[in-house]
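**Q** Pasting model14.cif here (mmCIF, C-alpha atoms):
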```
data_target
loop_
_atom_site.label_atom_id
_atom_site.label_comp_id
_atom_site.auth_asym_id
_atom_site.auth_seq_id
_atom_site.Cartn_x
_atom_site.Cartn_y
_atom_site.Cartn_z
CA MET P 23 115.38 36.11 -29.69
CA ALA P 24 113.31 39.21 -29.15
CA PRO P 25 109.58 38.70 -28.62
CA SER P 26 107.36 39.65 -31.53
CA GLY P 27 104.91 42.47 -31.12
CA ARG P 28 102.14 40.44 -32.73
CA VAL P 29 99.42 39.26 -30.41
CA PRO P 30 98.42 35.60 -30.94
CA ARG P 31 94.81 35.07 -32.01
CA VAL P 32 92.48 32.72 -30.17
CA PRO P 33 91.08 30.14 -32.61
CA ARG P 34 87.46 29.02 -32.30
CA VAL P 35 87.14 25.27 -32.56
CA PRO P 36 83.52 23.98 -33.17
CA GLY P 37 82.25 21.72 -30.37
CA ARG P 38 85.24 22.50 -28.16
CA GLU P 39 83.99 25.81 -26.74
CA ASP P 40 82.98 26.08 -23.14
CA ALA P 41 79.29 26.37 -22.15
CA GLY P 42 79.58 30.13 -21.91
CA GLY P 43 80.98 30.46 -25.49
CA GLY P 44 84.43 31.72 -24.30
CA ARG P 45 87.96 30.36 -24.41
CA PRO P 46 88.43 26.72 -25.46
CA ARG P 47 89.32 24.28 -22.79
CA GLY P 48 93.03 24.08 -22.15
CA ALA P 49 93.85 27.18 -24.25
CA PRO P 50 96.44 29.48 -22.70
CA GLN P 51 95.28 32.79 -21.40
CA VAL P 52 96.43 35.76 -23.43
CA PRO P 53 97.11 39.06 -21.70
CA SER P 54 94.94 41.97 -22.57
CA GLN P 55 96.72 43.87 -25.31
CA GLU P 56 95.76 46.25 -28.03
CA ARG P 57 96.28 45.52 -31.70
CA PRO P 58 98.04 48.41 -33.40
CA ALA P 59 96.37 49.99 -36.36
CA PRO P 60 97.84 49.37 -39.78
CA GLY P 61 100.67 51.76 -40.56
CA ALA P 62 101.23 52.74 -36.98
CA SER P 63 104.34 51.89 -35.07
CA PRO P 64 104.19 49.65 -32.06
CA GLY P 65 105.33 52.41 -29.78
CA THR P 66 102.55 54.78 -30.68
CA ALA P 67 99.66 52.31 -30.44
CA HIS P 68 98.78 53.32 -26.94
CA ASP P 69 99.20 57.03 -27.46
CA ALA P 70 97.18 57.49 -30.56
CA GLY P 71 94.05 55.94 -29.17
CA PRO P 72 91.67 53.70 -31.03
CA SER P 73 90.69 54.69 -34.50
CA PRO P 74 87.25 54.03 -35.95
CA SER P 75 88.57 51.10 -37.92
CA SER P 76 90.71 49.65 -35.18
CA ALA P 77 89.61 46.95 -32.76
CA ARG P 78 90.80 45.86 -29.37
CA VAL P 79 90.59 42.21 -28.27
CA THR P 80 90.45 41.48 -24.57
CA VAL P 81 90.85 37.87 -23.40
CA ARG P 82 89.55 37.42 -19.87
CA SER P 83 90.08 34.59 -17.44
CA GLY P 84 86.42 33.59 -17.67
CA PRO P 85 84.82 31.47 -20.41
CA LYS P 86 84.04 34.46 -22.73
CA VAL P 87 85.88 36.60 -25.29
CA THR P 88 84.65 40.16 -25.76
CA LEU P 89 85.42 42.48 -28.69
CA LEU P 90 85.59 46.11 -27.71
CA GLY P 91 85.31 48.92 -30.22
CA SER P 92 84.83 46.72 -33.27
CA ALA P 93 82.39 47.74 -35.96
CA GLU P 94 81.39 44.16 -36.59
CA PRO P 95 80.66 41.93 -33.58
CA SER P 96 82.75 38.82 -33.30
CA PRO P 97 80.94 35.45 -33.46
CA VAL P 98 82.74 34.40 -30.33
CA ALA P 99 81.44 37.40 -28.44
CA ASP P 100 77.88 36.90 -29.72
CA SER P 101 77.78 33.28 -28.58
CA GLY P 102 78.81 34.21 -25.06
CA ALA P 103 76.62 37.29 -24.78
CA GLY P 104 73.48 35.25 -25.48
CA ARG P 105 74.09 33.11 -22.44
CA ASP P 106 75.32 35.64 -19.93
CA ALA P 107 73.16 38.70 -19.34
CA ALA P 108 75.91 40.80 -17.71
CA PRO P 109 79.62 40.78 -18.64
CA ALA P 110 81.99 39.18 -16.19
CA PRO P 111 84.12 41.56 -14.14
CA GLN P 112 87.48 42.37 -15.70
CA GLU P 113 90.31 40.47 -14.16
CA THR P 114 94.05 40.73 -14.51
CA ALA P 115 95.07 38.84 -17.61
CA ALA P 116 97.51 36.03 -17.15
CA PRO P 117 100.71 35.99 -19.13
CA ALA P 118 100.52 34.39 -22.53
CA GLY P 119 101.48 30.80 -22.71
CA THR P 120 100.68 29.98 -19.08
CA ALA P 121 98.14 27.24 -18.18
CA ALA P 122 94.92 27.92 -16.22
CA GLY P 123 95.18 27.51 -12.48
CA PRO P 124 93.08 25.17 -10.27
CA GLU P 125 90.79 28.02 -9.21
CA GLN P 126 90.06 28.95 -12.81
CA LYS P 127 89.26 25.31 -13.68
CA ALA P 128 86.89 25.04 -10.72
CA ALA P 129 85.11 28.27 -11.71
CA SER P 130 84.79 27.04 -15.29
CA SER P 131 83.34 23.71 -14.17
CA ARG P 132 80.78 25.40 -11.93
CA LYS P 133 79.48 27.53 -14.78
CA ARG P 134 79.04 24.59 -17.12
CA PRO P 135 75.25 24.12 -17.82
CA ARG P 136 73.49 20.85 -17.26
CA PRO P 137 72.70 18.80 -20.38
CA ARG P 138 69.13 19.08 -21.65
CA LEU P 139 66.89 16.30 -22.94
CA ALA P 140 67.05 17.70 -26.47
CA ASP P 141 70.89 17.53 -26.41
CA LEU P 142 70.89 13.77 -25.74
CA PRO P 143 70.21 11.89 -28.99
CA GLN P 144 69.75 8.53 -27.30
CA LEU P 145 66.80 9.94 -25.26
CA ALA P 146 65.14 11.88 -28.06
CA ASP P 147 62.78 9.05 -28.98
CA LEU P 148 61.51 8.37 -25.45
CA ARG P 149 57.88 9.19 -24.75
CA ARG P 150 57.20 12.25 -22.63
CA THR P 151 54.51 12.63 -20.00
CA LYS P 152 50.89 12.91 -21.10
CA GLY P 153 48.83 16.05 -20.81
CA THR P 154 51.50 18.49 -22.13
CA ASP P 155 49.80 20.78 -24.62
CA GLY P 156 51.73 23.45 -26.43
CA PRO P 157 55.40 24.35 -26.23
CA GLN P 158 57.04 23.97 -22.86
CA ASP P 159 60.46 24.48 -21.43
CA GLU P 160 62.71 21.63 -22.43
CA SER P 161 64.39 21.73 -19.02
CA ALA P 162 61.07 20.60 -17.52
CA ASP P 163 60.82 17.43 -19.63
CA VAL P 164 60.00 14.32 -17.59
CA LEU P 165 60.42 10.77 -18.77
CA ALA P 166 57.30 8.58 -18.47
CA PHE P 167 57.86 4.97 -17.44
CA PRO P 168 55.27 2.16 -17.78
CA GLU P 169 52.70 1.95 -14.96
CA PRO P 170 53.11 -1.09 -12.69
CA PRO P 171 50.45 -3.82 -13.27
CA ARG P 172 49.48 -3.82 -9.60
CA ARG P 173 48.67 -0.12 -9.66
CA ARG P 174 46.71 -0.52 -12.89
CA ARG P 175 44.63 -3.37 -11.42
CA ARG P 176 44.00 -1.35 -8.28
CA ARG P 177 42.79 1.62 -10.29
CA ARG P 178 40.43 -0.59 -12.28
CA LEU P 179 39.09 -2.15 -9.08
CA LEU P 180 38.42 1.25 -7.54
CA LEU P 181 36.72 2.42 -10.72
CA GLY P 182 34.47 -0.67 -10.81
CA THR P 183 33.56 -0.24 -7.14
CA ALA P 184 32.65 3.40 -7.70
CA ILE P 185 30.42 2.51 -10.66
CA ALA P 186 28.64 -0.23 -8.68
CA ALA P 187 28.06 2.14 -5.76
CA ALA P 188 26.63 4.74 -8.10
CA LEU P 189 24.23 2.18 -9.61
CA VAL P 190 23.04 1.04 -6.17
CA ALA P 191 22.55 4.65 -5.07
CA GLY P 192 20.54 5.32 -8.21
CA LEU P 193 18.36 2.27 -7.57
CA PHE P 194 17.66 3.38 -4.01
CA ALA P 195 16.84 6.85 -5.26
CA VAL P 196 14.30 5.39 -7.68
CA LEU P 197 12.72 3.30 -4.92
CA LEU P 198 12.61 6.06 -2.34
CA PHE P 199 11.85 9.24 -4.22
CA THR P 200 9.89 8.35 -7.33
CA PRO P 201 6.26 7.24 -7.76
CA LEU P 202 7.29 4.34 -10.01
CA VAL P 203 7.03 1.98 -7.02
CA ALA P 204 4.16 3.56 -5.07
CA VAL P 205 1.39 2.15 -2.86
CA ARG P 206 -1.72 1.52 -4.94
CA THR P 207 -3.16 -1.62 -3.31
CA ILE P 208 -3.66 -2.28 0.43
CA THR P 209 -4.34 -5.81 1.67
CA VAL P 210 -5.71 -6.12 5.24
CA GLN P 211 -5.42 -9.34 7.25
CA GLY P 212 -6.50 -10.44 10.76
CA THR P 213 -9.52 -8.23 11.40
CA HIS P 214 -12.58 -9.53 13.29
CA LEU P 215 -13.80 -6.61 15.34
CA LEU P 216 -13.02 -4.09 12.61
CA THR P 217 -14.01 -4.25 8.97
CA VAL P 218 -11.53 -4.18 6.10
CA GLN P 219 -13.07 -0.98 4.81
CA GLN P 220 -12.44 0.78 8.12
CA VAL P 221 -8.76 -0.11 8.00
CA GLU P 222 -8.35 0.86 4.33
CA ASP P 223 -10.00 4.23 4.93
CA ALA P 224 -7.67 4.90 7.84
CA LEU P 225 -4.64 4.07 5.67
CA GLY P 226 -5.66 6.47 2.93
CA PRO P 227 -2.71 8.88 3.49
CA VAL P 228 -0.15 6.22 2.45
CA ARG P 229 -1.63 5.72 -1.00
CA GLY P 230 0.64 7.10 -3.70
CA LYS P 231 3.69 7.24 -1.48
CA PRO P 232 6.86 5.31 -2.44
CA LEU P 233 6.43 1.73 -1.24
CA ALA P 234 9.83 1.60 0.46
CA THR P 235 9.03 4.60 2.67
CA VAL P 236 5.87 3.13 4.23
CA GLY P 237 6.70 1.11 7.34
CA THR P 238 5.09 -0.44 10.40
CA ASP P 239 5.50 2.69 12.50
CA GLU P 240 3.51 4.86 10.14
CA VAL P 241 0.78 2.22 9.71
CA GLY P 242 0.53 1.75 13.48
CA ARG P 243 0.22 5.49 13.99
CA LEU P 244 -2.65 5.68 11.49
CA LEU P 245 -4.46 2.70 13.04
CA GLY P 246 -3.89 3.85 16.61
CA GLN P 247 -7.32 5.49 16.59
CA PHE P 248 -8.95 2.05 16.91
CA VAL P 249 -8.92 0.57 20.41
CA GLN P 250 -9.57 -2.85 18.90
CA VAL P 251 -6.07 -2.90 17.35
CA LYS P 252 -3.40 -4.29 19.66
CA SER P 253 -0.52 -4.34 17.20
CA VAL P 254 0.13 -4.11 13.46
CA ARG P 255 2.78 -5.23 11.01
CA ALA P 256 3.25 -3.85 7.50
CA ARG P 257 5.28 -5.35 4.67
CA ALA P 258 5.79 -4.23 1.11
CA VAL P 259 5.12 -6.49 -1.87
CA PRO P 260 6.51 -4.82 -5.01
CA PRO P 261 5.60 -3.24 -7.19
CA GLU P 262 2.53 -1.60 -5.60
CA THR P 263 1.01 -3.69 -2.76
CA LEU P 264 1.14 -2.98 0.97
CA VAL P 265 0.13 -5.90 3.20
CA VAL P 266 -1.12 -4.93 6.69
CA GLU P 267 -1.41 -7.67 9.33
CA VAL P 268 -3.61 -6.56 12.23
CA THR P 269 -3.58 -8.20 15.66
CA GLU P 270 -6.78 -7.30 17.47
CA ARG P 271 -7.57 -7.44 21.15
CA VAL P 272 -9.47 -10.56 22.20
CA PRO P 273 -12.78 -10.09 24.01
CA VAL P 274 -12.88 -12.08 27.25
CA ALA P 275 -16.08 -10.86 28.92
CA LEU P 276 -19.23 -8.85 28.59
CA VAL P 277 -19.69 -6.33 31.38
CA LYS P 278 -23.33 -5.67 32.15
CA GLN P 279 -23.92 -2.08 33.10
CA GLY P 280 -27.63 -1.29 33.18
CA GLN P 281 -28.99 -2.06 29.72
CA LYS P 282 -25.56 -2.05 28.06
CA LEU P 283 -23.22 -4.92 27.39
CA LEU P 284 -19.65 -3.68 27.14
CA VAL P 285 -17.05 -5.87 25.46
CA VAL P 286 -13.72 -5.95 27.34
CA ASP P 287 -10.42 -7.74 26.78
CA GLY P 288 -7.99 -9.28 29.25
CA ASP P 289 -6.51 -5.84 30.10
CA GLY P 290 -9.93 -4.41 30.90
CA VAL P 291 -9.99 -2.24 27.75
CA VAL P 292 -13.50 -1.61 26.46
CA LEU P 293 -13.68 -2.69 22.83
CA GLY P 294 -17.25 -1.68 22.12
CA GLU P 295 -20.82 -2.69 22.82
CA ALA P 296 -22.59 -5.97 22.11
CA ARG P 297 -26.16 -6.29 20.94
CA ASP P 298 -26.77 -9.36 23.15
CA THR P 299 -24.90 -12.11 24.97
CA SER P 300 -24.99 -14.43 21.96
CA GLN P 301 -22.79 -12.13 19.90
CA TYR P 302 -19.65 -13.20 21.78
CA SER P 303 -18.98 -16.56 23.42
CA VAL P 304 -17.65 -15.07 26.64
CA PRO P 305 -18.93 -14.95 30.23
CA VAL P 306 -20.92 -12.07 31.64
CA ILE P 307 -19.60 -9.99 34.53
CA ASP P 308 -21.90 -8.03 36.80
CA GLY P 309 -20.52 -4.56 36.53
CA SER P 310 -22.46 -3.32 39.53
CA ALA P 311 -20.71 -5.81 41.83
CA MET P 312 -17.25 -5.30 40.29
CA PRO P 313 -16.73 -1.75 39.09
CA MET P 314 -14.41 -1.54 36.13
CA GLY P 315 -10.86 -0.43 36.84
CA GLN P 316 -10.63 -1.86 40.33
CA ALA P 317 -8.20 -4.61 41.36
CA VAL P 318 -10.99 -7.22 41.58
CA PHE P 319 -12.13 -6.48 38.04
CA ARG P 320 -8.57 -6.66 36.68
CA ALA P 321 -7.99 -10.00 38.46
CA VAL P 322 -11.12 -11.52 36.85
CA THR P 323 -10.28 -10.30 33.35
CA ALA P 324 -6.69 -11.60 33.71
CA VAL P 325 -8.02 -15.08 34.61
CA LEU P 326 -10.42 -15.07 31.68
CA ALA P 327 -7.63 -14.04 29.29
CA ALA P 328 -5.56 -17.10 30.32
CA LEU P 329 -8.30 -19.64 29.51
CA PRO P 330 -8.29 -21.55 26.22
CA ALA P 331 -10.94 -20.52 23.70
CA ASP P 332 -12.90 -23.80 24.07
CA VAL P 333 -13.03 -23.45 27.88
CA LEU P 334 -13.90 -19.75 27.67
CA ALA P 335 -16.81 -20.52 25.37
CA GLN P 336 -18.37 -22.80 28.06
CA LEU P 337 -18.38 -20.14 30.79
CA ALA P 338 -21.55 -18.34 31.76
CA THR P 339 -20.39 -15.88 34.44
CA ALA P 340 -17.29 -14.83 36.36
CA SER P 341 -17.29 -13.27 39.84
CA ALA P 342 -14.97 -12.48 42.74
CA GLN P 343 -15.28 -11.06 46.23
CA SER P 344 -11.58 -10.20 46.30
CA PRO P 345 -8.59 -10.58 43.98
CA ASP P 346 -7.79 -13.93 45.69
CA SER P 347 -11.26 -15.49 45.35
CA VAL P 348 -12.10 -15.67 41.67
CA GLN P 349 -14.88 -18.12 40.76
CA LEU P 350 -16.20 -19.16 37.37
CA LYS P 351 -19.62 -20.59 36.46
CA LEU P 352 -20.01 -22.96 33.50
CA ALA P 353 -23.08 -22.91 31.26
CA ASP P 354 -24.04 -26.50 32.35
CA GLY P 355 -24.13 -25.52 36.03
CA ARG P 356 -20.64 -26.68 37.10
CA SER P 357 -18.31 -24.25 38.85
CA VAL P 358 -14.55 -23.57 39.09
CA VAL P 359 -12.70 -22.41 42.19
CA TRP P 360 -9.77 -20.48 40.80
CA GLY P 361 -8.30 -18.52 43.66
CA ASN P 362 -5.93 -15.66 42.78
CA ALA P 363 -4.46 -14.75 39.41
CA ASP P 364 -1.08 -16.39 40.07
CA ASP P 365 -0.02 -19.38 37.97
CA ARG P 366 -2.98 -18.78 35.69
CA GLU P 367 -1.39 -20.47 32.68
CA LEU P 368 -0.79 -23.66 34.70
CA LYS P 369 -4.27 -23.50 36.23
CA ALA P 370 -5.82 -23.15 32.78
CA LYS P 371 -4.08 -26.32 31.54
CA VAL P 372 -5.12 -28.30 34.65
CA LEU P 373 -8.74 -27.15 34.33
CA ALA P 374 -8.87 -28.12 30.64
CA ALA P 375 -7.54 -31.60 31.50
CA LEU P 376 -10.05 -32.09 34.35
CA MET P 377 -12.99 -31.09 32.20
CA LYS P 378 -12.03 -33.71 29.61
CA THR P 379 -11.66 -36.53 32.17
CA SER P 380 -14.56 -39.00 32.15
CA PRO P 381 -15.86 -40.12 35.56
CA GLN P 382 -15.13 -43.66 36.71
CA LYS P 383 -17.81 -46.28 36.59
CA GLY P 384 -20.22 -45.86 39.44
CA GLN P 385 -19.16 -42.27 40.21
CA ALA P 386 -21.15 -39.13 39.49
CA PRO P 387 -19.59 -36.49 37.24
CA ALA P 388 -17.64 -33.82 39.07
CA GLN P 389 -19.52 -30.59 39.68
CA VAL P 390 -16.70 -28.50 41.19
CA PHE P 391 -13.16 -28.14 39.89
CA ASP P 392 -10.77 -26.66 42.43
CA VAL P 393 -7.55 -25.50 40.79
CA SER P 394 -6.50 -22.96 43.40
CA THR P 395 -3.52 -25.25 44.05
CA PRO P 396 -2.78 -26.41 40.51
CA ARG P 397 -0.25 -29.07 41.55
CA HIS P 398 -2.86 -30.70 43.78
CA PRO P 399 -6.24 -30.14 42.08
CA VAL P 400 -9.47 -31.38 43.64
CA THR P 401 -12.76 -32.41 42.04
CA ARG P 402 -16.01 -33.14 43.86
#
```
For the structure just supplied, provide its representation as structure tokens.
**A**
Amino acid sequence: MAPSGRVPRVPRVPGREDAGGGRPRGAPQVPSQERPAPGASPGTAHDAGPSPSSARVTVRSGPKVTLLGSAEPSPVADSGAGRDAAPAPQETAAPAGTAAGPEQKAASSRKRPRPRLADLPQLADLRRTKGTDGPQDESADVLAFPEPPRRRRRRRLLLGTAIAAALVAGLFAVLLFTPLVAVRTITVQGTHLLTVQQVEDALGPVRGKPLATVGTDEVGRLLGQFVQVKSVRARAVPPETLVVEVTERVPVALVKQGQKLLVVDGDGVVLGEARDTSQYSVPVIDGSAMPMGQAVFRAVTAVLAALPADVLAQLATASAQSPDSVQLKLADGRSVVWGNADDRELKAKVLAALMKTSPQKGQAPAQVFDVSTPRHPVTR
């Protein structure tokens, strides 16, 4: 039977087209032929050339059917042209009725597009990620899964810690940099040589400053102008009080220099002048015999500083020919042989005990207390 000159048409089946809009899967490839115009013989179709109303259908090996020279575009061609920007290169058409080869199937599978989220009905109702405003590319859709409880608890813990730190920082800022908690009252304790008014006047620069910023160092620097002050300690009592505890130097002797009576402590520091000897219950040192600042003078003042207050109050004078021969004179006429300034704490305890000892019956009270060797004291 002779083959018919009619070219078979390629049907378009909905939902069965390839991703590129071309030939249906499994359809045989049709060789590229021209459809003769109506009224023309089959032999003259190629010679006459295409007429304005004629159309030529070319079926390629790729997944697209293109209509050439047609006045009205074919739906099949439009569907493929929207997906491919440039037409596929023309290839040699396979004979009609032959199946696609393995290479053609592989090329068709490689060109198949990936499914989008909008094409999957079972995923259409899933929630998308937050923060997407306005239209976006559907290929960039991301599925949002529930946040793990551990991560949620950790985020809440970090948030609470940050809030607490901010509150503490704000509280410190209020205490340090605002006048809400400022110094308005100064309480002075421990002064004997100085008056309270002298100390308060010296601490005038700290008034009005934040209470938390005023410390012992600043108070000590302001009170350093007074030689009577040995050490200070400052503490804040909210909301507006600054308590200053002053430790003064202790006078241990009055140094007689001409008509003056200089008050000195155990380090030989001059604390001021006394009106008379009754102002302080301390012994008198002859400054002309022991110039201040020499080793003999420092040895005597160190011995006097080690004596208890009740023993120091009973002394009348203190003298020494050398640093190893310190002698003390009591107000009732008794004397103390002290020796050098070594072991002065132990010597002071032994002397206090000897002065409190009552004489035995029939014996006269001791007039000399020798504590130069404190572990073997002697009275006579």
**Q** Might you pull out every residue within 10 Å of range 388-390 of chain P, with all atoms listed in the file counted and same-chain residues fewer than 3 positions away left off, and present them as a list in words?
**A**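 Final neighbour list, sorted by chain and number: Lys351, Leu352, Asp354, Gly355, Arg356, Ser357, Val358, Val359, Leu376, Met377, Thr379, Ser380, Pro381, Gln385, Val393, Val400, Thr401 and Arg402 of chain P.
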**Q** For the residues selected in the previous step, produce a file with C-alpha atoms as a PDB file, in the coordinates of the input.
**A**
```
ATOM      1  CA  LYS P 351     -19.620 -20.590  36.460  1.00  0.00           C
ATOM      2  CA  LEU P 352     -20.010 -22.960  33.500  1.00  0.00           C
ATOM      3  CA  ASP P 354     -24.040 -26.500  32.350  1.00  0.00           C
ATOM      4  CA  GLY P 355     -24.130 -25.520  36.030  1.00  0.00           C
ATOM      5  CA  ARG P 356     -20.640 -26.680  37.100  1.00  0.00           C
ATOM      6  CA  SER P 357     -18.310 -24.250  38.850  1.00  0.00           C
ATOM      7  CA  VAL P 358     -14.550 -23.570  39.090  1.00  0.00           C
ATOM      8  CA  VAL P 359     -12.700 -22.410  42.190  1.00  0.00           C
ATOM      9  CA  LEU P 376     -10.050 -32.090  34.350  1.00  0.00           C
ATOM     10  CA  MET P 377     -12.990 -31.090  32.200  1.00  0.00           C
ATOM     11  CA  THR P 379     -11.660 -36.530  32.170  1.00  0.00           C
ATOM     12  CA  SER P 380     -14.560 -39.000  32.150  1.00  0.00           C
ATOM     13  CA  PRO P 381     -15.860 -40.120  35.560  1.00  0.00           C
ATOM     14  CA  GLN P 385     -19.160 -42.270  40.210  1.00  0.00           C
ATOM     15  CA  VAL P 393      -7.550 -25.500  40.790  1.00  0.00           C
ATOM     16  CA  VAL P 400      -9.470 -31.380  43.640  1.00  0.00           C
ATOM     17  CA  THR P 401     -12.760 -32.410  42.040  1.00  0.00           C
ATOM     18  CA  ARG P 402     -16.010 -33.140  43.860  1.00  0.00           C
TER      19      ARG P 402
END
```
**Q** Just say which residues the PyMOL selection byres ((chain P and resi 283) around 12) picks in this file, as a PyMOL selection string.
**A** chain P and resi 275-282+284-286+292-302+304-309
**Q** Please measure the separation of CA of Val221 in chain P and CA of Leu202 in chain P, giving the value in Å to one decimal.
**A**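 Taking CA of Val221 in chain P as the start and CA of Leu202 in chain P as the end point, the length is 24.5 Å.
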**Q** For CA of Ala340 in chain P and CA of Lys369 in chain P, determine how far apart the two atoms are, in Å to one decimal place.
**A** 15.6 Å
**Q** Would you compute the distance between CA of Gly182 in chain P and CA of Ala195 in chain P? Give it in Å to one decimal.
**A**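 Interatomic distance here is 20.0 Å.
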**Q** P:Leu350, P:Ala317, P:Ala328, P:Leu244: which is nearest Lys371 in chain P, counting all atoms listed in the file?
**A** P:Ala328
**Q** Range 254-259 of chain P: which residues within 12 Å, counting only C-alpha atoms, same-chain residues fewer than 6 positions away excluded, as a ChimeraX atom specification?
**A** /P:197,203-213,221,225,228,231-246,248,265-271
**Q** Pick from P:Gln349, P:Asp332, P:His398, P:Ala386: nearest to Val372 in chain P, with all atoms listed in the file counted?
**A** P:His398
